[in-house]
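Below is one structure, written out as structure tokens; comments come after it.
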Amino acid sequence: MTLLCEPMSQTERQLIQAVEQADTPQRLVQAVQALSQAQTQAAIPTLIAVLGYNNPGAALAAVDGLVQLGEVAVTPILQQLDGYNYGARAYATRALAAIADPRALEVLLQAAQFDFAPSVRRAACKGLGMLNWQQLAPEALLAAQTEAYQALLTIAQDPDWAIRYAAVVGLQALALKSGSEIRTPIAQQLETLLNTEQDLSVRSRIQLASQQLHPPTVRA
């Protein structure tokens, strides 16, 4: 896939080569950080490739670079999601969640509900609540938000407490970005979840979300 109409500059080529030729983990991290800071579209394929390297520091730097590039990185990330390397998928999902482009909705829905890797599911749950919904056409907005809400509500009853926690984070963020058609039922469901949740960490997170949606009334 061609990301640029103009030829790659010498500086861009050197930055990419530094990543490809790094011979120690630390040099790889430094090279990826430099490439990310350049904020050039030419870096996108290399940054995506780094997500699959066995180097968390480099992967996090690559995520930062992709997030800084923003919407232009979304299509390449979606097209190159790694079906075999769950670590790469988790980092890619984190990048998509932070960029918050609604073109990632279907991928995030699938990942949150069905990915076998808990790290991927947690990142996707949070991402579903963070999307920039205003970028959708008005006639598609409510249906898309409803789909995300229903998925997160189901996931909020997952056997894994950490995934339930992430689902609550997603529900809160979704509610705060939605109109009353979504916000009201989320607030109601959080009260129901609080009555059934046994894990203290998840209960605390539900309470925090409820407080954000139902701020205390200040009396004169």
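Each chain in the structure tokens gets a letter, A, B, ..., in the order shown, and its residues are numbered from 1; ligands are numbered from 1 in order too.
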>> Give me, as a ChimeraX atom specification, all polymer residues having an atom no more than 7 Å from Ala156 of chain A, counting only C-alpha atoms and skipping those fewer than 3 positions away in the same chain.
In response: /A:152-153,164,167-168
> Excluding same-chain residues fewer than 5 positions from Glu71 of chain A, what lies within 10 Å of it counting only C-alpha atoms, as a ChimeraX atom specification?
Replying inline: /A:66,76,96,99-103
Kindly save the residues from that selection, with N, CA, C and O atoms included, as a compact mmCIF listing (two decimals), in the first residue's frame.
```
# COMPACT_ATOMS: atom_id res chain seq x y z
N LEU A 66 2.18 6.14 16.07
CA LEU A 66 0.96 5.94 15.28
C LEU A 66 -0.17 6.84 15.78
O LEU A 66 -0.92 7.42 14.99
N PRO A 76 -4.07 1.70 7.43
CA PRO A 76 -2.96 0.74 7.45
C PRO A 76 -2.98 -0.20 8.65
O PRO A 76 -2.70 -1.39 8.52
N LEU A 96 -5.46 2.05 17.94
CA LEU A 96 -6.78 2.37 17.38
C LEU A 96 -7.67 3.02 18.43
O LEU A 96 -8.41 3.97 18.13
N ILE A 99 -6.48 6.67 18.92
CA ILE A 99 -6.81 7.52 17.77
C ILE A 99 -8.31 7.80 17.74
O ILE A 99 -8.75 8.89 17.38
N ALA A 100 -9.09 6.78 18.14
CA ALA A 100 -10.54 6.93 18.35
C ALA A 100 -11.33 7.18 17.08
O ALA A 100 -12.42 7.76 17.13
N ASP A 101 -10.82 6.73 15.96
CA ASP A 101 -11.55 6.89 14.70
C ASP A 101 -12.64 5.81 14.62
O ASP A 101 -12.36 4.63 14.79
N PRO A 102 -13.90 6.19 14.35
CA PRO A 102 -14.98 5.19 14.33
C PRO A 102 -14.87 4.16 13.22
O PRO A 102 -15.61 3.18 13.22
N ARG A 103 -13.95 4.34 12.28
CA ARG A 103 -13.73 3.28 11.29
C ARG A 103 -13.24 1.99 11.95
O ARG A 103 -13.34 0.91 11.37
```
>> I'd like to know which of A:Val202, A:Leu35, A:Leu213, A:Leu208 is closest to Thr184 of chain A, using only C-alpha atoms.
In response: A:Leu213
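When the distance limit is 7 Å and only C-alpha atoms are what count, the residues near Ala148 of chain A, minus those fewer than 3 positions from it on the same chain, are A:Leu109, A:Leu128, A:Ala144, A:Gln145, A:Ala151, A:Leu152.
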